[in-house]
Amino acid sequence: LLQSGQHRLLAGLKRLLLTVNRAVTDDILIAFSPTEGPSRLKTTEKGKAGKIHLPREIFRSLINKTVHVVVTVLNIQQLGMFKEFNQTAQVLDNTVVGITVGESSISGLQEPVQLTFAHRELPRGVTPQCVFWDPSKGQAGGWNRSGCVTQPGDKGTVCSCDHLSFFTLLLIPALDVSTAKALTVVATAGCGVAMAFSIFTMAFCIFIRCRFRFEETVRINLGLHMNLMGSLILLNLAFLLNSGLSGRAHPSTCRVLGGFTHYCLLCCFTWTALEGCQLYLLFVKVLGIYIHRYLAKLCLVGWGFPVLVVGVAGIIGSYGEYNIHTMDHQVIANLCWITSKHILVHYITNCGYFGLIFLFNMAIFGVVTHKSCSLQGTGAVQGYQKPWKVALVSVGLFCLLGATWALVFLTYGISSTAMLYLFTILNSFQGIFIFIWLVVLYYPKTRETTGSLSYIIRHEKTTTASQ
């Protein structure tokens with residue numbers, strides 16, 4: 001270790017210092033191991049524990065400059081460093097590798113830095129993940145995987161990152177066979193419960209729509225709720241068919257079932273977005289203009305737009321058998337879904353599409369909650385002043401806007417199993433929450449229904465509560 005012209009050796013820390021004072025025409029290779037530390041590696045050398053590949057792009061701007069390339073190998077068990085709060089993932093060999101070039105921060109590399117972490121066969125039930133230490137994460141810092149690509153192998157895992165930092169390989173607990181079976185049982189039971197309450201909700205909407213005389217805006221809202229419940233019924237039905245037929249279905253049947261499941265999911269997301277748009281018109285835009293066959297036009301979007309997406313995805317052959325397996329390639333689940341070859345279709349049409357809808361709906365939820373609380377405080381609303389009713393209405397609205405689906409973005413990393421259980425259970429309760437919400441909101445106090453949740457401004461100075 002070179003520091004202020006003196007050599008110091010610290011327990012658990014080993015460092016290599018290279019001086020670069022000319023234009024580098026070749027990539028730099030460095031070997032490292034938890035026991036021997038880092039060392040310069042020639043292209044002909046083999047058998048080293050780990051390897052660092054520094055691309056020449058890093059040094060292109062360093063012509064006629066003298067910089068230090070410092071590679072540090074840390075044993076975090078001895079040093080007591082790089083400990084993330086509530087971390088359950090294991091650091092491979094307790095080894096963290098730090099790379100710095102000069103005194104400036106280097107990021108956004110077109111040619112990534114490659115670190116090869118050598119290891120034997122990994123334990124069952126873990127997934128390797130390349131990460132770097134992010135000091136800005138949380139209060140004391142934490143591991144971050146952005147900008148790094150993980151390429152697992154039999155004798156080592158390659159980490160390709162577009163920046164320089166302190167890197168390591170996390171061994172994250174993955175799904176095993178028993179957990180997958182338990183989740184399947186919970187999801188199947190949850191689908192049955194969700195379908196039952198979705199049917200109850202549709203029947204309730206039809207009953208009060210026919211039994212009581214509501215104004216047109218409320219009738220449109222009820223129609224929206226019925227279509228959303230219909231999409232949930234189809235989605236749960238598609239999942240039950242998928243879990244029952246996948247693995248045994250003919251390839252052509254599996255493609256059709258995969259497309260149908262994708263269509264039902266997109267319909268559910270689209271009707272969730274339309275619910276948010278309706279609330280936007282009621283609270284922000286203030287709907288006061290008559291739209292001819294408004295509900296029919298919403299149905300055309302809610303049920304028609306997913307047809308276009310699924311049609312395009314089907315033309316390029318996106319649907320088929322999708323396997324979920326462990327690190328030792330043991331298959332734990334089969335689905336008729338978007339194949340791994342076209343996984344980009346899933347990220348764009350599902351993750352990206354829902355991400356935009358979620359951001360919009362959460363903004364609308366914030367506006368609705370703020371205005372509802374303001375009107376409750378001024379006494380403008382006479383129906384739901386009890387705190388538990390206000391909380392119940394908020395939870396129902398939260399589910400109506402599809403917030404429970406957002407948990408799927410948290411099903412990666414060290415808490416993936418817990419989040420999968422939570423995601424499965426809460427989505428099963430989505431139909432129950434919406435059913436209770438509608439019962440509290442619309443029945444039996446029909447007079448209070450017209451002054452509880454949404455408000456329509458009919459004139460500039462006169463505000464009339466609706467729904």
# chains A, B, ... in the order shown; residues from 1 in each chain; ligands from 1
>>> residues_around(residues="range 132-134 of chain A", least_positions_apart="4", cutoff="7 Å", atoms="only C-alpha atoms", output="number ranges by chain")
A: 141-145, 165-168
>>> closest_residue(among="A:Cys159, A:Val368, A:Met81, A:Ile52", to="Leu281 in chain A", atoms="only C-alpha atoms")
A:Val368
>>> closest_residue(among="A:Cys254, A:Cys351, A:Leu266, A:Thr95", to="Gly317 in chain A", atoms="only C-alpha atoms")
A:Cys254
>>> atom_distance(atom1="CA of Ala49 in chain A", atom2="CA of Ser104 in chain A")
28.8 Å
>>> select_by_dssp(residues="range 131-231 of chain A", states="alpha helix (DSSP H)", output="VMD selection string")
chain A and resid 177 to 211 216 to 231
>>> residues_around(residues="range 232-244 of chain A", least_positions_apart="4", cutoff="8 Å", atoms="only C-alpha atoms", output="PyMOL selection string")
chain A and resi 188+191-192+194-195+198-199+228+257-258+260-261+264-265+268+334-336
>>> write_last_selection(atoms="all heavy atoms", output="compact mmCIF listing (two decimals), in the first residue's frame")
# COMPACT_ATOMS: atom_id res chain seq x y z
N THR A 188 -53.46 -19.64 -6.46
CA THR A 188 -54.66 -20.31 -6.96
C THR A 188 -55.86 -20.04 -6.06
O THR A 188 -56.95 -19.72 -6.54
CB THR A 188 -54.40 -21.83 -7.06
OG1 THR A 188 -53.26 -22.06 -7.91
CG2 THR A 188 -55.62 -22.53 -7.65
N CYS A 191 -56.90 -16.43 -6.49
CA CYS A 191 -57.65 -16.19 -7.73
C CYS A 191 -59.11 -16.56 -7.57
O CYS A 191 -60.00 -15.88 -8.07
CB CYS A 191 -57.02 -16.97 -8.88
SG CYS A 191 -55.53 -16.23 -9.54
N GLY A 192 -59.37 -17.67 -6.87
CA GLY A 192 -60.76 -18.07 -6.63
C GLY A 192 -61.50 -17.04 -5.80
O GLY A 192 -62.65 -16.67 -6.11
N ALA A 194 -60.68 -13.81 -5.47
CA ALA A 194 -60.81 -12.59 -6.25
C ALA A 194 -61.92 -12.69 -7.28
O ALA A 194 -62.68 -11.73 -7.50
CB ALA A 194 -59.48 -12.28 -6.93
N MET A 195 -62.05 -13.84 -7.94
CA MET A 195 -63.12 -14.02 -8.92
C MET A 195 -64.49 -13.94 -8.26
O MET A 195 -65.42 -13.30 -8.80
CB MET A 195 -62.96 -15.36 -9.64
CG MET A 195 -61.86 -15.39 -10.67
SD MET A 195 -61.87 -16.94 -11.61
CE MET A 195 -63.43 -16.81 -12.49
N SER A 198 -65.22 -10.36 -7.33
CA SER A 198 -65.39 -9.56 -8.55
C SER A 198 -66.79 -9.77 -9.12
O SER A 198 -67.44 -8.82 -9.58
CB SER A 198 -64.33 -9.93 -9.57
OG SER A 198 -63.03 -9.63 -9.10
N ILE A 199 -67.27 -11.02 -9.06
CA ILE A 199 -68.64 -11.30 -9.53
C ILE A 199 -69.65 -10.62 -8.62
O ILE A 199 -70.64 -10.03 -9.09
CB ILE A 199 -68.86 -12.83 -9.59
CG1 ILE A 199 -67.96 -13.45 -10.67
CG2 ILE A 199 -70.34 -13.14 -9.86
CD1 ILE A 199 -67.99 -14.95 -10.69
N LEU A 228 -63.95 -2.80 -15.05
CA LEU A 228 -62.72 -3.16 -14.35
C LEU A 228 -62.86 -4.52 -13.67
O LEU A 228 -61.94 -5.35 -13.73
CB LEU A 228 -62.38 -2.08 -13.31
CG LEU A 228 -61.16 -2.37 -12.43
CD1 LEU A 228 -59.89 -2.51 -13.27
CD2 LEU A 228 -60.98 -1.29 -11.38
N LEU A 257 -53.02 -19.40 -25.29
CA LEU A 257 -53.25 -19.13 -23.87
C LEU A 257 -52.33 -18.02 -23.36
O LEU A 257 -52.74 -17.18 -22.56
CB LEU A 257 -53.05 -20.41 -23.06
CG LEU A 257 -53.36 -20.33 -21.56
CD1 LEU A 257 -54.78 -19.85 -21.32
CD2 LEU A 257 -53.13 -21.68 -20.89
N GLY A 258 -51.08 -18.01 -23.83
CA GLY A 258 -50.17 -16.94 -23.45
C GLY A 258 -50.65 -15.58 -23.94
O GLY A 258 -50.60 -14.58 -23.21
N PHE A 260 -53.79 -14.81 -24.61
CA PHE A 260 -55.01 -14.48 -23.87
C PHE A 260 -54.68 -13.93 -22.48
O PHE A 260 -55.30 -12.96 -22.02
CB PHE A 260 -55.89 -15.73 -23.75
CG PHE A 260 -57.14 -15.53 -22.94
CD1 PHE A 260 -58.15 -14.69 -23.38
CD2 PHE A 260 -57.29 -16.18 -21.71
CE1 PHE A 260 -59.30 -14.50 -22.62
CE2 PHE A 260 -58.43 -15.99 -20.95
CZ PHE A 260 -59.44 -15.15 -21.41
N THR A 261 -53.71 -14.56 -21.82
CA THR A 261 -53.29 -14.07 -20.50
C THR A 261 -52.72 -12.67 -20.59
O THR A 261 -53.03 -11.80 -19.76
CB THR A 261 -52.25 -15.02 -19.88
OG1 THR A 261 -52.78 -16.36 -19.85
CG2 THR A 261 -51.89 -14.60 -18.47
N CYS A 264 -55.61 -10.19 -21.12
CA CYS A 264 -56.37 -9.92 -19.88
C CYS A 264 -55.60 -9.00 -18.95
O CYS A 264 -56.18 -8.11 -18.32
CB CYS A 264 -56.69 -11.24 -19.18
SG CYS A 264 -57.80 -12.32 -20.10
N LEU A 265 -54.28 -9.20 -18.86
CA LEU A 265 -53.47 -8.34 -18.00
C LEU A 265 -53.47 -6.90 -18.51
O LEU A 265 -53.62 -5.95 -17.74
CB LEU A 265 -52.04 -8.88 -17.93
CG LEU A 265 -51.07 -8.11 -17.03
CD1 LEU A 265 -51.52 -8.17 -15.59
CD2 LEU A 265 -49.65 -8.66 -17.18
N CYS A 268 -56.78 -5.24 -17.77
CA CYS A 268 -56.85 -4.82 -16.37
C CYS A 268 -56.09 -3.52 -16.15
O CYS A 268 -56.58 -2.59 -15.50
CB CYS A 268 -56.29 -5.93 -15.48
SG CYS A 268 -56.43 -5.60 -13.71
N ASN A 334 -44.03 -23.77 -14.95
CA ASN A 334 -44.24 -23.58 -16.38
C ASN A 334 -45.41 -22.64 -16.59
O ASN A 334 -46.43 -22.77 -15.91
CB ASN A 334 -44.52 -24.91 -17.09
CG ASN A 334 -43.41 -25.92 -16.88
OD1 ASN A 334 -43.47 -26.72 -15.97
ND2 ASN A 334 -42.41 -25.87 -17.73
N LEU A 335 -45.26 -21.73 -17.51
CA LEU A 335 -46.33 -20.80 -17.83
C LEU A 335 -46.45 -20.66 -19.34
O LEU A 335 -45.44 -20.73 -20.05
CB LEU A 335 -46.07 -19.41 -17.23
CG LEU A 335 -46.07 -19.27 -15.70
CD1 LEU A 335 -45.64 -17.86 -15.32
CD2 LEU A 335 -47.46 -19.56 -15.15
N CYS A 336 -47.66 -20.47 -19.81
CA CYS A 336 -47.89 -20.06 -21.19
C CYS A 336 -47.91 -18.53 -21.19
O CYS A 336 -48.90 -17.91 -20.78
CB CYS A 336 -49.21 -20.63 -21.72
SG CYS A 336 -49.18 -22.43 -21.91
>>> select_by_dssp(residues="range 172-359 of chain A", states="strand (DSSP E or B)", output="list in words")
Ile172, Pro173, Tyr319, Gly320, Glu321, Tyr322, Asn323, Ile324, His325, Val331, Ile332, Ala333, Asn334, Leu335, Cys336, Trp337 and Ile338 of chain A
>>> closest_residue(among="A:Leu295, A:Thr201, A:Gly302, A:Thr100", to="Glu216 in chain A", atoms="only C-alpha atoms")
A:Leu295
>>> closest_residue(among="A:Ile436, A:Ile316, A:Leu122, A:Cys277", to="Asn361 in chain A", atoms="only C-alpha atoms")
A:Cys277
>>> closest_residue(among="A:Val309, A:Leu224, A:Val97, A:Ile30", to="Leu18 in chain A", atoms="only C-alpha atoms")
A:Ile30
